[in-house]
Amino acid sequence: MEWKVEKKAELLEFLMEKMEGSSRTKMKETLARNVMVDGRKVTQYNFPLMEGMTVTVGKADFKKRWTPRDVDIVYEDQWLLVVNKREGLVSYSRKAGDVTMISEVNGYLEATRQKCHAHVVHRLDRDTSGLMVVAKSKEVARKFEENWKERVYDRKYVAVVWGKLEVKEGVIRSWLTDGEYCVLSSWEDNGGKEAVTRYRVVKESRRYTMVDLKLDTGRRNQIRVHAREIGHPVVKDPMYGYKDDISPINRLALHAYRLCFFHPVTGKKMEYETEVPKSFEKLMEI
């Protein structure tokens, strides 16, 4: 957690005000380990704070109390979180009681006594893992929605697809429309939504190719549809892949590994990356 000091105060009293519900004893324990002022560790409970200083509390103390099951918190401040969603988890659902990425984050926010709720900024397919940004207020979510293309300046995925691509680097462009059961694609403008995916071969094996992908547009199932369209579907894709997919991996081989955006409040560049899933690397050894 991070806050800007708006008026003079002693450190302990400042933290008690910001973290309502915490006892003075617990707060002093936190002060002994995990509090920084302007990037320097401070343990003095009556340390004098001045206007403009930045107070940071390490998230380790919070995560000891409650950790989401299928969501790893990569970054957090008072306005948003960056999370790494695991495969098999829906981003959001309108059905009450469904376990989703949003419900998991809301559980964390409630357990850490933060008076806010998680709001969807963008989504990943249920079976796609990777980085997502989650807003802590409707206002912050709206700032992303109103200016998405300019605010989010880089998103990349890694996928393992079947076979070897003849063209090692290129652009896939088609028009997508929602069908009854899946997304349909046309190489010509048929009134659907234009979808553009840039790809680059990273590694090849006898059966598979690892591909780095960058989205110019963010359409539903875009990468999976485009992979099928060029004749190299994503491994273990139940909807757009091979029906007789017998690969040893037990998940869709698609991961959102890079996410870069301008912070909607501070304007700072925020850049995050995760490692390629180990199961993808093992596939490439076959």
# chains A, B, ... in the order shown; residues from 1 in each chain; ligands from 1

call {"tool": "select_by_dssp", "arguments": {"residues": "region 111-248 of chain A", "states": "strand (DSSP E)", "output": "PyMOL selection string"}}
result
chain A and resi 119-120+129-135+152-162+169-178+183-186+193-204+208-215

call {"tool": "residues_around", "arguments": {"residues": "region 145-160 of chain A", "least_positions_apart": "6", "cutoff": "9 Å", "atoms": "only C-alpha atoms", "output": "PyMOL selection string"}}
result
chain A and resi 121-122+130+208-217+223+233-235+252-264+271+276+280+283-284

call {"tool": "residues_around", "arguments": {"residues": "Arg207 (chain A)", "least_positions_apart": "2", "cutoff": "12 Å", "atoms": "only C-alpha atoms", "output": "PyMOL selection string"}}
result
chain A and resi 160-165+203-205+209-210+232+235+245-247+283-286

call {"tool": "select_by_dssp", "arguments": {"residues": "region 30-156 of chain A", "states": "alpha helix (DSSP H)", "output": "NGL selection string"}}
result
:A and (30-31 or 60-65 or 101-111 or 138-146 or 148-151)

call {"tool": "write_last_selection", "arguments": {"atoms": "C-alpha atoms", "output": "compact mmCIF listing (two decimals), in the first residue's frame"}}
result
# COMPACT_ATOMS: atom_id res chain seq x y z
CA THR A 30 4.25 -3.61 11.01
CA LEU A 31 6.40 -0.54 11.72
CA ALA A 60 3.90 -9.20 2.95
CA ASP A 61 2.01 -8.42 6.16
CA PHE A 62 -1.30 -8.44 4.33
CA LYS A 63 -0.66 -11.58 2.29
CA LYS A 64 0.13 -13.58 5.44
CA ARG A 65 -3.49 -13.11 6.47
CA MET A 101 -10.72 -13.33 -10.68
CA ILE A 102 -12.78 -10.40 -9.41
CA SER A 103 -14.29 -12.38 -6.52
CA GLU A 104 -10.82 -13.56 -5.50
CA VAL A 105 -9.47 -10.00 -5.51
CA ASN A 106 -12.53 -8.77 -3.60
CA GLY A 107 -11.85 -11.44 -0.98
CA TYR A 108 -8.33 -10.10 -0.61
CA LEU A 109 -9.52 -6.49 -0.35
CA GLU A 110 -12.05 -7.45 2.31
CA ALA A 111 -9.53 -9.50 4.30
CA LYS A 138 -15.22 2.86 -10.92
CA GLU A 139 -13.47 6.16 -11.57
CA VAL A 140 -10.09 4.50 -12.17
CA ALA A 141 -11.68 1.78 -14.30
CA ARG A 142 -13.40 4.46 -16.37
CA LYS A 143 -10.09 6.22 -17.03
CA PHE A 144 -8.78 3.01 -18.59
CA GLU A 145 -11.95 2.41 -20.60
CA GLU A 146 -12.11 5.95 -21.98
CA TRP A 148 -7.46 2.34 -23.49
CA LYS A 149 -5.39 2.52 -26.68
CA GLU A 150 -3.30 5.46 -25.47
CA ARG A 151 -3.04 4.34 -21.83

call {"tool": "residues_around", "arguments": {"residues": "Arg224 (chain A)", "least_positions_apart": "2", "cutoff": "9 Å", "atoms": "only C-alpha atoms", "output": "list in words"}}
result
Asn221, Gln222, His226, Ala227, Arg228, Glu229, Pro233, Val234, Asp237, Met239, Tyr240, Gly241 and Leu254 of chain A

call {"tool": "write_last_selection", "arguments": {"atoms": "N, CA and C atoms", "output": "PDB file, in the first residue's frame"}}
result
ATOM      1  N   ASN A 221     -11.213 -13.766 -28.045  1.00  0.00           N
ATOM      2  CA  ASN A 221     -10.587 -14.977 -28.607  1.00  0.00           C
ATOM      3  C   ASN A 221      -9.659 -14.685 -29.786  1.00  0.00           C
ATOM      4  N   GLN A 222      -9.180 -13.457 -29.914  1.00  0.00           N
ATOM      5  CA  GLN A 222      -8.461 -13.028 -31.114  1.00  0.00           C
ATOM      6  C   GLN A 222      -7.274 -13.913 -31.462  1.00  0.00           C
ATOM      7  N   HIS A 226      -6.988 -16.397 -34.722  1.00  0.00           N
ATOM      8  CA  HIS A 226      -5.959 -16.135 -35.730  1.00  0.00           C
ATOM      9  C   HIS A 226      -4.993 -17.306 -35.878  1.00  0.00           C
ATOM     10  N   ALA A 227      -4.678 -17.973 -34.763  1.00  0.00           N
ATOM     11  CA  ALA A 227      -3.800 -19.141 -34.849  1.00  0.00           C
ATOM     12  C   ALA A 227      -4.443 -20.241 -35.695  1.00  0.00           C
ATOM     13  N   ARG A 228      -5.739 -20.426 -35.508  1.00  0.00           N
ATOM     14  CA  ARG A 228      -6.454 -21.425 -36.319  1.00  0.00           C
ATOM     15  C   ARG A 228      -6.478 -21.017 -37.787  1.00  0.00           C
ATOM     16  N   GLU A 229      -6.677 -19.716 -38.031  1.00  0.00           N
ATOM     17  CA  GLU A 229      -6.819 -19.240 -39.395  1.00  0.00           C
ATOM     18  C   GLU A 229      -5.551 -19.453 -40.224  1.00  0.00           C
ATOM     19  N   PRO A 233      -3.119 -23.976 -34.873  1.00  0.00           N
ATOM     20  CA  PRO A 233      -3.901 -23.656 -33.670  1.00  0.00           C
ATOM     21  C   PRO A 233      -3.074 -23.778 -32.392  1.00  0.00           C
ATOM     22  N   VAL A 234      -3.505 -23.035 -31.374  1.00  0.00           N
ATOM     23  CA  VAL A 234      -2.854 -23.092 -30.068  1.00  0.00           C
ATOM     24  C   VAL A 234      -3.044 -24.490 -29.483  1.00  0.00           C
ATOM     25  N   ASP A 237      -6.412 -26.236 -27.340  1.00  0.00           N
ATOM     26  CA  ASP A 237      -7.525 -25.297 -27.461  1.00  0.00           C
ATOM     27  C   ASP A 237      -8.791 -26.087 -27.774  1.00  0.00           C
ATOM     28  N   MET A 239     -11.825 -25.195 -28.328  1.00  0.00           N
ATOM     29  CA  MET A 239     -12.796 -24.584 -29.231  1.00  0.00           C
ATOM     30  C   MET A 239     -12.247 -24.346 -30.636  1.00  0.00           C
ATOM     31  N   TYR A 240     -11.005 -23.877 -30.744  1.00  0.00           N
ATOM     32  CA  TYR A 240     -10.450 -23.516 -32.034  1.00  0.00           C
ATOM     33  C   TYR A 240      -9.283 -24.416 -32.458  1.00  0.00           C
ATOM     34  N   GLY A 241      -8.970 -25.413 -31.647  1.00  0.00           N
ATOM     35  CA  GLY A 241      -7.843 -26.280 -31.937  1.00  0.00           C
ATOM     36  C   GLY A 241      -8.245 -27.602 -32.549  1.00  0.00           C
ATOM     37  N   LEU A 254      -1.501 -20.632 -23.800  1.00  0.00           N
ATOM     38  CA  LEU A 254      -1.537 -19.201 -24.084  1.00  0.00           C
ATOM     39  C   LEU A 254      -1.414 -18.434 -22.777  1.00  0.00           C
TER      40      LEU A 254
END

call {"tool": "residues_around", "arguments": {"residues": "Asn190 (chain A)", "least_positions_apart": "5", "cutoff": "12 Å", "atoms": "only C-alpha atoms", "output": "ChimeraX atom specification"}}
result
/A:174-177,184-185

call {"tool": "write_last_selection", "arguments": {"atoms": "N, CA and C atoms", "output": "compact mmCIF listing (two decimals), in the first residue's frame"}}
result
# COMPACT_ATOMS: atom_id res chain seq x y z
N SER A 174 -7.82 -9.91 -39.75
CA SER A 174 -9.11 -10.43 -40.23
C SER A 174 -10.23 -9.68 -39.51
N TRP A 175 -11.48 -10.00 -39.89
CA TRP A 175 -12.64 -9.36 -39.27
C TRP A 175 -13.42 -10.42 -38.51
N LEU A 176 -13.68 -10.15 -37.23
CA LEU A 176 -14.28 -11.14 -36.35
C LEU A 176 -15.72 -10.78 -36.00
N THR A 177 -16.57 -11.80 -35.98
CA THR A 177 -17.96 -11.63 -35.55
C THR A 177 -18.30 -12.75 -34.58
N LEU A 184 -16.29 -16.09 -35.25
CA LEU A 184 -16.08 -16.39 -36.66
C LEU A 184 -15.16 -15.35 -37.28
N SER A 185 -14.37 -15.78 -38.27
CA SER A 185 -13.36 -14.89 -38.85
C SER A 185 -13.51 -14.83 -40.37

call {"tool": "residues_around", "arguments": {"residues": "Ala9 (chain A)", "least_positions_apart": "3", "cutoff": "9 Å", "atoms": "only C-alpha atoms", "output": "PyMOL selection string"}}
result
chain A and resi 5+12-14+46-51

call {"tool": "write_last_selection", "arguments": {"atoms": "N, CA and C atoms", "output": "compact mmCIF listing (two decimals), in the first residue's frame"}}
result
# COMPACT_ATOMS: atom_id res chain seq x y z
N VAL A 5 1.43 11.92 1.65
CA VAL A 5 1.11 12.68 2.84
C VAL A 5 0.58 14.05 2.42
N LEU A 12 2.88 6.83 13.06
CA LEU A 12 1.94 5.84 13.59
C LEU A 12 0.50 6.33 13.46
N GLU A 13 0.26 7.58 13.80
CA GLU A 13 -1.10 8.11 13.71
C GLU A 13 -1.58 8.14 12.26
N PHE A 14 -0.66 8.46 11.34
CA PHE A 14 -0.99 8.47 9.91
C PHE A 14 -1.43 7.08 9.46
N ASN A 46 6.91 7.77 16.01
CA ASN A 46 6.57 9.20 16.00
C ASN A 46 7.38 9.97 14.96
N PHE A 47 7.84 9.26 13.94
CA PHE A 47 8.58 9.91 12.86
C PHE A 47 7.71 11.02 12.26
N PRO A 48 8.25 12.25 12.13
CA PRO A 48 7.45 13.37 11.64
C PRO A 48 7.29 13.34 10.11
N LEU A 49 6.07 13.19 9.67
CA LEU A 49 5.78 13.21 8.23
C LEU A 49 5.48 14.64 7.78
N MET A 50 6.00 14.97 6.60
CA MET A 50 5.77 16.29 6.02
C MET A 50 4.95 16.14 4.74
N GLU A 51 4.24 17.18 4.40
CA GLU A 51 3.43 17.18 3.19
C GLU A 51 4.27 16.84 1.96

call {"tool": "atom_distance", "arguments": {"atom1": "CA of Thr266 (chain A)", "atom2": "CA of Thr56 (chain A)"}}
result
15.5 Å

call {"tool": "atom_distance", "arguments": {"atom1": "CA of Val134 (chain A)", "atom2": "CA of Pro238 (chain A)"}}
result
27.5 Å

call {"tool": "residues_around", "arguments": {"residues": "Leu15 (chain A)", "least_positions_apart": "4", "cutoff": "10 Å", "atoms": "only C-alpha atoms", "output": "short mmCIF file (atom, residue, chain, number, x, y, z; two decimals) with C-alpha atoms, in the first residue's frame"}}
result
data_model
loop_
_atom_site.label_atom_id
_atom_site.label_comp_id
_atom_site.auth_asym_id
_atom_site.auth_seq_id
_atom_site.Cartn_x
_atom_site.Cartn_y
_atom_site.Cartn_z
CA TRP A 3 -0.07 6.95 0.22
CA ALA A 9 1.47 14.01 11.07
CA GLU A 10 3.34 11.41 13.10
CA LEU A 11 3.89 8.14 11.25
CA MET A 19 -5.54 1.40 7.85
CA GLU A 20 -8.72 1.51 9.88
CA SER A 22 -5.76 -2.32 12.84
CA ARG A 24 -1.88 -0.06 17.72
CA MET A 27 0.60 -1.44 13.64
CA LYS A 28 3.77 -1.21 15.74
CA THR A 30 4.25 -3.61 11.01
CA LEU A 31 6.40 -0.54 11.72
CA VAL A 35 7.21 0.57 6.47
CA TYR A 45 6.51 5.40 15.47
CA VAL A 55 4.52 6.26 2.87
CA THR A 56 4.69 2.64 1.72
CA VAL A 57 3.64 -0.49 3.63
#
